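The next block is final.cif, given as mmCIF, N, CA and C atoms.
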```cif
data_final
#
loop_
_atom_site.label_atom_id
_atom_site.label_comp_id
_atom_site.auth_asym_id
_atom_site.auth_seq_id
_atom_site.Cartn_x
_atom_site.Cartn_y
_atom_site.Cartn_z
N MET A 119 91.76 70.35 77.72
CA MET A 119 91.67 71.70 78.26
C MET A 119 91.36 72.66 77.12
N ALA A 120 90.34 73.47 77.30
CA ALA A 120 89.94 74.43 76.27
C ALA A 120 90.86 75.65 76.31
N VAL A 121 91.18 76.14 75.16
CA VAL A 121 92.01 77.32 75.05
C VAL A 121 91.09 78.53 74.85
N SER A 122 91.34 79.56 75.62
CA SER A 122 90.53 80.78 75.50
C SER A 122 90.86 81.50 74.21
N ALA A 123 89.88 82.16 73.66
CA ALA A 123 90.11 82.97 72.47
C ALA A 123 90.98 84.17 72.85
N PRO A 124 91.87 84.56 71.97
CA PRO A 124 92.70 85.72 72.28
C PRO A 124 91.85 86.99 72.40
N ILE A 125 92.35 87.91 73.21
CA ILE A 125 91.67 89.20 73.35
C ILE A 125 92.63 90.29 72.91
N GLY A 126 92.09 91.43 72.58
CA GLY A 126 92.92 92.58 72.21
C GLY A 126 93.31 93.39 73.44
N ILE A 127 94.20 94.31 73.23
CA ILE A 127 94.71 95.13 74.34
C ILE A 127 93.60 95.98 74.96
N ASP A 128 92.67 96.47 74.16
CA ASP A 128 91.60 97.29 74.73
C ASP A 128 90.75 96.49 75.71
N GLU A 129 90.44 95.25 75.35
CA GLU A 129 89.67 94.39 76.25
C GLU A 129 90.49 94.03 77.48
N LEU A 130 91.76 93.76 77.29
CA LEU A 130 92.63 93.45 78.42
C LEU A 130 92.68 94.62 79.40
N LEU A 131 92.85 95.83 78.88
CA LEU A 131 92.85 97.02 79.75
C LEU A 131 91.53 97.14 80.50
N GLU A 132 90.43 96.93 79.81
CA GLU A 132 89.12 97.01 80.46
C GLU A 132 89.02 96.00 81.59
N ARG A 133 89.48 94.79 81.35
CA ARG A 133 89.43 93.74 82.38
C ARG A 133 90.29 94.08 83.59
N VAL A 134 91.53 94.49 83.36
CA VAL A 134 92.40 94.75 84.52
C VAL A 134 91.94 95.99 85.28
N ARG A 135 91.46 96.99 84.58
CA ARG A 135 91.00 98.21 85.25
C ARG A 135 89.75 97.96 86.08
N ALA A 136 88.98 96.94 85.75
CA ALA A 136 87.79 96.60 86.53
C ALA A 136 88.17 96.03 87.89
N GLY A 137 89.44 95.66 88.07
CA GLY A 137 89.89 95.05 89.31
C GLY A 137 90.33 96.01 90.39
N TYR A 138 90.33 97.30 90.11
CA TYR A 138 90.74 98.29 91.11
C TYR A 138 90.19 99.66 90.71
N ILE A 139 90.28 100.60 91.62
CA ILE A 139 89.79 101.96 91.37
C ILE A 139 90.98 102.83 90.97
N ARG A 140 90.91 103.39 89.78
CA ARG A 140 91.96 104.29 89.30
C ARG A 140 91.79 105.66 89.94
N VAL A 141 92.84 106.46 89.95
CA VAL A 141 92.78 107.80 90.54
C VAL A 141 93.12 108.85 89.49
N ASP A 142 92.54 110.03 89.66
CA ASP A 142 92.90 111.15 88.79
C ASP A 142 94.10 111.88 89.40
N ALA A 143 94.57 112.90 88.72
CA ALA A 143 95.79 113.58 89.15
C ALA A 143 95.66 114.19 90.56
N ARG A 144 94.56 114.84 90.83
CA ARG A 144 94.39 115.47 92.15
C ARG A 144 94.28 114.42 93.26
N GLU A 145 93.62 113.30 92.96
CA GLU A 145 93.53 112.22 93.94
C GLU A 145 94.91 111.60 94.18
N ALA A 146 95.70 111.46 93.12
CA ALA A 146 97.05 110.91 93.27
C ALA A 146 97.91 111.86 94.13
N TYR A 147 97.78 113.14 93.89
CA TYR A 147 98.52 114.13 94.67
C TYR A 147 98.13 114.04 96.14
N ALA A 148 96.83 114.00 96.40
CA ALA A 148 96.35 113.90 97.79
C ALA A 148 96.82 112.60 98.43
N ALA A 149 96.78 111.51 97.68
CA ALA A 149 97.25 110.22 98.21
C ALA A 149 98.73 110.29 98.57
N SER A 150 99.52 110.94 97.73
CA SER A 150 100.96 111.04 98.02
C SER A 150 101.19 111.87 99.28
N ARG A 151 100.39 112.90 99.47
CA ARG A 151 100.51 113.74 100.67
C ARG A 151 100.12 112.96 101.92
N ALA A 152 99.29 111.92 101.73
CA ALA A 152 98.84 111.09 102.86
C ALA A 152 99.69 109.83 103.03
N GLY A 153 100.78 109.71 102.26
CA GLY A 153 101.69 108.60 102.46
C GLY A 153 101.77 107.57 101.35
N ALA A 154 100.95 107.69 100.31
CA ALA A 154 101.05 106.75 99.19
C ALA A 154 102.37 106.98 98.46
N VAL A 155 102.85 105.92 97.84
CA VAL A 155 104.08 106.00 97.07
C VAL A 155 103.72 106.17 95.60
N LEU A 156 104.19 107.27 95.00
CA LEU A 156 104.03 107.47 93.57
C LEU A 156 105.22 106.81 92.88
N VAL A 157 104.94 106.02 91.85
CA VAL A 157 106.00 105.31 91.14
C VAL A 157 105.93 105.65 89.67
N ASP A 158 106.96 106.32 89.18
CA ASP A 158 107.05 106.77 87.79
C ASP A 158 107.75 105.69 86.98
N ILE A 159 107.02 105.07 86.04
CA ILE A 159 107.61 104.01 85.22
C ILE A 159 107.92 104.49 83.80
N ARG A 160 107.83 105.79 83.55
CA ARG A 160 108.14 106.30 82.21
C ARG A 160 109.61 106.04 81.88
N TYR A 161 109.88 105.88 80.60
CA TYR A 161 111.27 105.67 80.24
C TYR A 161 112.05 106.97 80.28
N GLN A 162 113.36 106.85 80.34
CA GLN A 162 114.24 107.98 80.61
C GLN A 162 114.03 109.16 79.66
N ALA A 163 113.86 108.91 78.39
CA ALA A 163 113.70 110.01 77.43
C ALA A 163 112.49 110.87 77.77
N LEU A 164 111.40 110.27 78.23
CA LEU A 164 110.22 111.05 78.62
C LEU A 164 110.47 111.83 79.90
N ARG A 165 111.17 111.21 80.84
CA ARG A 165 111.49 111.93 82.08
C ARG A 165 112.39 113.12 81.78
N GLU A 166 113.36 112.93 80.89
CA GLU A 166 114.26 114.02 80.53
C GLU A 166 113.52 115.13 79.80
N ARG A 167 112.57 114.74 78.94
CA ARG A 167 111.83 115.72 78.15
C ARG A 167 110.84 116.51 79.01
N ASP A 168 110.08 115.80 79.85
CA ASP A 168 108.94 116.41 80.54
C ASP A 168 109.17 116.74 82.00
N GLY A 169 110.19 116.17 82.62
CA GLY A 169 110.44 116.43 84.03
C GLY A 169 109.96 115.30 84.92
N LEU A 170 110.04 115.55 86.21
CA LEU A 170 109.77 114.54 87.24
C LEU A 170 108.74 115.05 88.24
N ILE A 171 107.98 114.14 88.78
CA ILE A 171 107.06 114.47 89.86
C ILE A 171 107.87 114.45 91.15
N PRO A 172 107.89 115.57 91.88
CA PRO A 172 108.68 115.61 93.11
C PRO A 172 108.27 114.49 94.08
N GLY A 173 109.26 113.75 94.56
CA GLY A 173 109.02 112.69 95.54
C GLY A 173 108.65 111.35 94.94
N ALA A 174 108.36 111.29 93.65
CA ALA A 174 108.02 110.01 93.04
C ALA A 174 109.26 109.14 92.90
N LEU A 175 109.08 107.84 93.12
CA LEU A 175 110.16 106.90 92.88
C LEU A 175 110.21 106.63 91.38
N VAL A 176 111.38 106.64 90.83
CA VAL A 176 111.55 106.27 89.42
C VAL A 176 111.99 104.82 89.38
N VAL A 177 111.13 103.99 88.78
CA VAL A 177 111.41 102.56 88.67
C VAL A 177 111.11 102.16 87.24
N GLU A 178 112.10 101.70 86.53
CA GLU A 178 111.87 101.25 85.16
C GLU A 178 110.81 100.16 85.17
N ARG A 179 109.96 100.13 84.16
CA ARG A 179 108.87 99.17 84.11
C ARG A 179 109.35 97.74 84.23
N ASN A 180 110.48 97.42 83.61
CA ASN A 180 110.96 96.03 83.65
C ASN A 180 111.52 95.63 85.02
N GLU A 181 111.60 96.55 85.95
CA GLU A 181 112.08 96.24 87.31
C GLU A 181 110.99 96.39 88.36
N LEU A 182 109.81 96.84 87.97
CA LEU A 182 108.78 97.24 88.92
C LEU A 182 108.45 96.16 89.95
N GLU A 183 108.14 94.96 89.48
CA GLU A 183 107.72 93.90 90.40
C GLU A 183 108.85 93.53 91.36
N TRP A 184 110.07 93.50 90.88
CA TRP A 184 111.21 93.15 91.74
C TRP A 184 111.44 94.23 92.79
N ARG A 185 111.21 95.47 92.46
CA ARG A 185 111.47 96.58 93.38
C ARG A 185 110.35 96.79 94.40
N LEU A 186 109.12 96.39 94.06
CA LEU A 186 108.01 96.65 94.97
C LEU A 186 107.49 95.42 95.71
N ASP A 187 107.99 94.24 95.40
CA ASP A 187 107.57 93.03 96.10
C ASP A 187 108.15 93.06 97.52
N PRO A 188 107.31 93.17 98.55
CA PRO A 188 107.82 93.25 99.92
C PRO A 188 108.63 92.03 100.33
N ARG A 189 108.44 90.90 99.65
CA ARG A 189 109.19 89.68 99.95
C ARG A 189 110.44 89.53 99.10
N GLY A 190 110.61 90.41 98.11
CA GLY A 190 111.69 90.26 97.15
C GLY A 190 113.05 90.66 97.68
N SER A 191 114.05 90.00 97.19
CA SER A 191 115.43 90.29 97.61
C SER A 191 115.95 91.59 96.98
N HIS A 192 115.28 92.10 95.96
CA HIS A 192 115.71 93.33 95.29
C HIS A 192 114.76 94.49 95.55
N ARG A 193 113.96 94.38 96.59
CA ARG A 193 112.96 95.41 96.88
C ARG A 193 113.60 96.73 97.31
N LEU A 194 112.86 97.79 97.07
CA LEU A 194 113.25 99.12 97.54
C LEU A 194 112.91 99.23 99.02
N PRO A 195 113.58 100.11 99.74
CA PRO A 195 113.26 100.29 101.17
C PRO A 195 111.81 100.67 101.40
N GLU A 196 111.17 101.33 100.44
CA GLU A 196 109.77 101.74 100.57
C GLU A 196 108.80 100.56 100.49
N ALA A 197 109.25 99.44 99.94
CA ALA A 197 108.39 98.26 99.76
C ALA A 197 108.34 97.46 101.06
N THR A 198 107.61 98.01 102.02
CA THR A 198 107.61 97.46 103.38
C THR A 198 106.50 96.46 103.64
N SER A 199 105.43 96.49 102.84
CA SER A 199 104.27 95.68 103.16
C SER A 199 103.38 95.53 101.94
N HIS A 200 102.58 94.46 101.95
CA HIS A 200 101.60 94.28 100.89
C HIS A 200 100.45 95.29 101.03
N ASP A 201 100.40 96.00 102.13
CA ASP A 201 99.37 97.01 102.35
C ASP A 201 99.81 98.39 101.84
N LEU A 202 100.99 98.46 101.26
CA LEU A 202 101.51 99.72 100.74
C LEU A 202 100.58 100.28 99.66
N GLN A 203 100.26 101.55 99.77
CA GLN A 203 99.46 102.19 98.73
C GLN A 203 100.41 102.72 97.67
N VAL A 204 100.24 102.24 96.44
CA VAL A 204 101.11 102.59 95.32
C VAL A 204 100.25 103.17 94.21
N VAL A 205 100.72 104.29 93.64
CA VAL A 205 100.09 104.86 92.46
C VAL A 205 101.13 104.81 91.34
N VAL A 206 100.88 103.98 90.34
CA VAL A 206 101.81 103.82 89.22
C VAL A 206 101.49 104.87 88.17
N ILE A 207 102.55 105.49 87.65
CA ILE A 207 102.38 106.57 86.68
C ILE A 207 103.23 106.27 85.45
N CYS A 208 102.57 106.23 84.30
CA CYS A 208 103.28 106.16 83.03
C CYS A 208 103.04 107.49 82.31
N ASN A 209 103.24 107.53 81.02
CA ASN A 209 103.08 108.80 80.32
C ASN A 209 101.62 109.20 80.14
N GLU A 210 100.76 108.26 79.72
CA GLU A 210 99.38 108.62 79.43
C GLU A 210 98.34 107.72 80.10
N GLY A 211 98.77 106.77 80.94
CA GLY A 211 97.82 105.97 81.70
C GLY A 211 97.43 104.64 81.09
N TYR A 212 98.25 104.10 80.23
CA TYR A 212 97.96 102.78 79.64
C TYR A 212 98.87 101.71 80.24
N ALA A 213 100.17 101.87 80.08
CA ALA A 213 101.12 100.88 80.63
C ALA A 213 100.98 100.78 82.14
N SER A 214 100.63 101.88 82.78
CA SER A 214 100.49 101.87 84.24
C SER A 214 99.33 100.99 84.69
N SER A 215 98.30 100.86 83.87
CA SER A 215 97.18 99.98 84.23
C SER A 215 97.64 98.53 84.28
N LEU A 216 98.41 98.12 83.28
CA LEU A 216 98.93 96.75 83.27
C LEU A 216 99.91 96.54 84.43
N ALA A 217 100.69 97.56 84.73
CA ALA A 217 101.64 97.47 85.83
C ALA A 217 100.92 97.35 87.18
N ALA A 218 99.86 98.13 87.36
CA ALA A 218 99.10 98.05 88.61
C ALA A 218 98.48 96.66 88.77
N ALA A 219 97.97 96.10 87.69
CA ALA A 219 97.39 94.75 87.75
C ALA A 219 98.46 93.73 88.13
N SER A 220 99.65 93.91 87.63
CA SER A 220 100.75 93.01 87.98
C SER A 220 101.10 93.12 89.46
N LEU A 221 101.05 94.33 90.00
CA LEU A 221 101.31 94.51 91.43
C LEU A 221 100.20 93.86 92.26
N HIS A 222 98.97 93.93 91.79
CA HIS A 222 97.87 93.24 92.47
C HIS A 222 98.15 91.75 92.52
N ALA A 223 98.64 91.19 91.42
CA ALA A 223 98.95 89.76 91.38
C ALA A 223 100.01 89.38 92.40
N LEU A 224 100.87 90.34 92.78
CA LEU A 224 101.89 90.11 93.81
C LEU A 224 101.33 90.32 95.22
N GLY A 225 100.08 90.71 95.33
CA GLY A 225 99.47 90.92 96.63
C GLY A 225 99.45 92.36 97.10
N LEU A 226 99.89 93.29 96.27
CA LEU A 226 99.84 94.71 96.63
C LEU A 226 98.44 95.22 96.29
N HIS A 227 97.50 94.91 97.17
CA HIS A 227 96.08 95.11 96.91
C HIS A 227 95.66 96.57 96.86
N ARG A 228 96.51 97.49 97.28
CA ARG A 228 96.17 98.91 97.22
C ARG A 228 96.84 99.62 96.04
N ALA A 229 97.42 98.85 95.14
CA ALA A 229 98.05 99.44 93.96
C ALA A 229 96.98 99.97 93.01
N THR A 230 97.27 101.09 92.39
CA THR A 230 96.39 101.69 91.40
C THR A 230 97.25 102.42 90.39
N ASP A 231 96.60 103.11 89.47
CA ASP A 231 97.37 103.91 88.53
C ASP A 231 96.66 105.23 88.29
N LEU A 232 97.40 106.14 87.71
CA LEU A 232 96.93 107.50 87.46
C LEU A 232 96.28 107.57 86.08
N THR A 233 94.98 107.84 86.07
CA THR A 233 94.26 108.02 84.81
C THR A 233 94.88 109.19 84.04
N GLY A 234 95.30 108.94 82.82
CA GLY A 234 95.90 110.00 82.01
C GLY A 234 97.39 110.15 82.23
N GLY A 235 97.95 109.44 83.20
CA GLY A 235 99.39 109.43 83.43
C GLY A 235 100.01 110.78 83.75
N PHE A 236 101.30 110.86 83.50
CA PHE A 236 102.06 112.07 83.79
C PHE A 236 101.45 113.27 83.07
N GLN A 237 100.96 113.06 81.86
CA GLN A 237 100.41 114.19 81.09
C GLN A 237 99.20 114.79 81.81
N ALA A 238 98.38 113.96 82.45
CA ALA A 238 97.24 114.47 83.22
C ALA A 238 97.73 115.22 84.46
N TRP A 239 98.78 114.70 85.10
CA TRP A 239 99.37 115.37 86.27
C TRP A 239 99.82 116.77 85.88
N ARG A 240 100.56 116.85 84.80
CA ARG A 240 101.08 118.15 84.36
C ARG A 240 99.94 119.08 83.94
N SER A 241 98.95 118.55 83.23
CA SER A 241 97.80 119.36 82.80
C SER A 241 97.01 119.91 83.97
N ALA A 242 97.02 119.18 85.08
CA ALA A 242 96.30 119.63 86.28
C ALA A 242 97.07 120.72 87.03
N GLY A 243 98.26 121.05 86.55
CA GLY A 243 99.05 122.10 87.18
C GLY A 243 99.74 121.65 88.46
N LEU A 244 99.88 120.34 88.64
CA LEU A 244 100.55 119.82 89.84
C LEU A 244 102.06 119.95 89.69
N PRO A 245 102.81 119.87 90.81
CA PRO A 245 104.25 120.13 90.76
C PRO A 245 105.01 119.18 89.84
N VAL A 246 105.91 119.77 89.07
CA VAL A 246 106.83 119.02 88.20
C VAL A 246 108.19 119.68 88.32
N ASP A 247 109.20 118.86 88.59
CA ASP A 247 110.58 119.36 88.61
C ASP A 247 111.22 119.08 87.27
N PRO A 248 112.08 119.98 86.81
CA PRO A 248 112.80 119.67 85.58
C PRO A 248 113.73 118.48 85.83
N ALA A 249 113.92 117.69 84.80
CA ALA A 249 114.85 116.56 84.93
C ALA A 249 116.25 117.12 85.11
N PRO A 250 117.05 116.45 85.92
CA PRO A 250 118.43 116.93 86.09
C PRO A 250 119.15 116.88 84.75
N SER A 251 119.90 117.90 84.46
CA SER A 251 120.65 117.91 83.21
C SER A 251 121.89 117.04 83.34
N GLY A 252 122.36 116.58 82.24
CA GLY A 252 123.55 115.74 82.22
C GLY A 252 124.79 116.54 82.53
N PRO A 253 125.94 115.90 82.46
CA PRO A 253 127.19 116.61 82.74
C PRO A 253 127.39 117.77 81.76
N ALA A 254 127.88 118.85 82.27
CA ALA A 254 128.10 120.03 81.43
C ALA A 254 129.22 119.75 80.44
N ASP A 255 129.04 120.27 79.23
CA ASP A 255 130.09 120.11 78.22
C ASP A 255 131.25 121.03 78.58
N ALA A 256 132.43 120.51 78.43
CA ALA A 256 133.62 121.31 78.76
C ALA A 256 134.05 122.15 77.59
#
```
structure tokens encoding of this file:
Amino acid sequence: MAVSAPIGIDELLERVRAGYIRVDAREAYAASRAGAVLVDIRYQALRERDGLIPGALVVERNELEWRLDPRGSHRLPEATSHDLQVVVICNEGYASSLAAASLHALGLHRATDLTGGFQAWRSAGLPVDPAPSGPADA
């Protein structure tokens, strides 16, 4: 069996992105208004720093597949079907591409990601809620 030559991350991103159509911030917003599920995979420090997209599900990247697999025992209530339209959002649109490809591998054929990530959403002037503050100091 021949072993393939290793590829770099830029080539990997190019390959996985060729497998689906990415959306820009306004398209993601419109999709969410039409019933798509926005999934924020940014880590907590970024959510605390920059805020949250109203209505987006927050799912840590390391739990994404378990939470969105419609057949999974740990799925979220929103993970009702392989036909679910999902828009994955990271900070700048890189990790979300790999995450969307992983969801495709699970059969979520309508999964995509937001080009430019949360930063593009915010730059487009779309709604952002401040992150909830922690417990007040006494």
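In this model, the gap between CA of Val246 in chain A and CA of Glu183 in chain A comes to 25.2 Å.
Here the PyMOL selection byres ((chain A and resi 172) around 6.5) captures the residues Leu170, Ile171, Gly173, Ala174, Pro245, Val246 and Asp247 of chain A.
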### Message
Quick check on the file I pasted: which residues fall under the PyMOL selection byres (((chain A and resi 206 and name CA) around 12) and name CA)? Write them as a ChimeraX atom specification.
### Response
/A:140-143,146,149-150,154-160,171,174-179,182-183,186,203-205,207-222,226,228-236
### Message
Could you tell me how far atom N of Ile139 in chain A sits from atom N of Ile125 in chain A, in Å to one decimal place?
### Response
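Pair atom N of Ile125 in chain A / atom N of Ile139 in chain A returns 22.5 Å.
Those residues of chain A that DSSP, working from the backbone, places in strand (DSSP E or B) are Val141, Val155, Leu156, Val157, Asp158, Leu170, Leu175, Val176, Val204, Val205, Val206, Ile207, Ala229, Thr230, Asp231, Leu232 and Asp247 of chain A.
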### Query
Looking only at the backbone, which of the residues in range 139-229 of chain A does DSSP tag as alpha helix (DSSP H), as an NGL selection string?
:A and (143-151 or 162-168 or 182-186 or 213-223)
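For the atom pair formed by CA of Leu194 in chain A and CA of Tyr147 in chain A, the distance is 21.2 Å, given to one decimal.
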#### Entry: Test item: the PyMOL selection byres (((chain A and resi 249 and name CA) around 8) and name CA) resolved as a PyMOL selection string
chain A and resi 165-170+247-248+250-251
Residue rebuild result range 155-166 of chain A, all heavy atoms as a compact mmCIF listing (two decimals), keeping the file's coordinate frame:
```
# COMPACT_ATOMS: atom_id res chain seq x y z
N VAL A 155 102.85 105.92 97.84
CA VAL A 155 104.08 106.00 97.07
C VAL A 155 103.72 106.17 95.60
O VAL A 155 103.00 105.34 95.03
CB VAL A 155 104.94 104.72 97.26
CG1 VAL A 155 106.18 104.76 96.39
CG2 VAL A 155 105.31 104.55 98.73
N LEU A 156 104.19 107.27 95.00
CA LEU A 156 104.03 107.47 93.57
C LEU A 156 105.22 106.81 92.88
O LEU A 156 106.36 107.00 93.30
CB LEU A 156 104.01 108.96 93.23
CG LEU A 156 102.93 109.81 93.89
CD1 LEU A 156 103.05 111.26 93.42
CD2 LEU A 156 101.54 109.26 93.62
N VAL A 157 104.94 106.02 91.85
CA VAL A 157 106.00 105.31 91.14
C VAL A 157 105.93 105.65 89.67
O VAL A 157 104.96 105.33 88.99
CB VAL A 157 105.89 103.78 91.35
CG1 VAL A 157 107.00 103.06 90.59
CG2 VAL A 157 105.94 103.43 92.83
N ASP A 158 106.96 106.32 89.18
CA ASP A 158 107.05 106.77 87.79
C ASP A 158 107.75 105.69 86.98
O ASP A 158 108.93 105.42 87.20
CB ASP A 158 107.83 108.08 87.76
CG ASP A 158 107.89 108.73 86.40
OD1 ASP A 158 107.60 108.06 85.39
OD2 ASP A 158 108.25 109.93 86.35
N ILE A 159 107.02 105.07 86.04
CA ILE A 159 107.61 104.01 85.22
C ILE A 159 107.92 104.49 83.80
O ILE A 159 108.26 103.68 82.94
CB ILE A 159 106.71 102.75 85.17
CG1 ILE A 159 105.36 103.05 84.52
CG2 ILE A 159 106.54 102.16 86.57
CD1 ILE A 159 104.53 101.82 84.19
N ARG A 160 107.83 105.79 83.55
CA ARG A 160 108.14 106.30 82.21
C ARG A 160 109.61 106.04 81.88
O ARG A 160 110.47 106.03 82.75
CB ARG A 160 107.89 107.81 82.13
CG ARG A 160 106.44 108.19 82.26
CD ARG A 160 106.27 109.70 82.30
NE ARG A 160 107.00 110.25 83.43
CZ ARG A 160 107.64 111.43 83.42
NH1 ARG A 160 107.64 112.19 82.34
NH2 ARG A 160 108.27 111.86 84.50
N TYR A 161 109.88 105.88 80.60
CA TYR A 161 111.27 105.67 80.24
C TYR A 161 112.05 106.97 80.28
O TYR A 161 111.49 108.07 80.30
CB TYR A 161 111.42 104.90 78.93
CG TYR A 161 110.71 105.45 77.73
CD1 TYR A 161 111.32 106.40 76.91
CD2 TYR A 161 109.43 105.01 77.39
CE1 TYR A 161 110.67 106.89 75.80
CE2 TYR A 161 108.78 105.50 76.27
CZ TYR A 161 109.41 106.45 75.48
OH TYR A 161 108.77 106.94 74.37
N GLN A 162 113.36 106.85 80.34
CA GLN A 162 114.24 107.98 80.61
C GLN A 162 114.03 109.16 79.66
O GLN A 162 114.03 110.30 80.10
CB GLN A 162 115.69 107.52 80.57
CG GLN A 162 116.67 108.60 80.94
CD GLN A 162 118.09 108.10 81.03
OE1 GLN A 162 118.35 106.91 80.98
NE2 GLN A 162 119.02 109.01 81.16
N ALA A 163 113.86 108.91 78.39
CA ALA A 163 113.70 110.01 77.43
C ALA A 163 112.49 110.87 77.77
O ALA A 163 112.55 112.11 77.65
CB ALA A 163 113.59 109.47 76.01
N LEU A 164 111.40 110.27 78.23
CA LEU A 164 110.22 111.05 78.62
C LEU A 164 110.47 111.83 79.90
O LEU A 164 110.02 112.97 80.04
CB LEU A 164 109.01 110.14 78.78
CG LEU A 164 108.45 109.55 77.49
CD1 LEU A 164 107.31 108.59 77.79
CD2 LEU A 164 107.99 110.65 76.54
N ARG A 165 111.17 111.21 80.84
CA ARG A 165 111.49 111.93 82.08
C ARG A 165 112.39 113.12 81.78
O ARG A 165 112.21 114.21 82.34
CB ARG A 165 112.14 111.00 83.10
CG ARG A 165 111.22 109.89 83.57
CD ARG A 165 111.79 109.11 84.74
NE ARG A 165 113.16 108.69 84.61
CZ ARG A 165 113.56 107.49 84.17
NH1 ARG A 165 112.67 106.59 83.78
NH2 ARG A 165 114.83 107.20 84.11
N GLU A 166 113.36 112.93 80.89
CA GLU A 166 114.26 114.02 80.53
C GLU A 166 113.52 115.13 79.80
O GLU A 166 113.76 116.31 80.01
CB GLU A 166 115.41 113.50 79.67
CG GLU A 166 116.39 112.66 80.45
CD GLU A 166 117.44 111.99 79.57
OE1 GLU A 166 117.37 112.11 78.32
OE2 GLU A 166 118.34 111.35 80.13
```
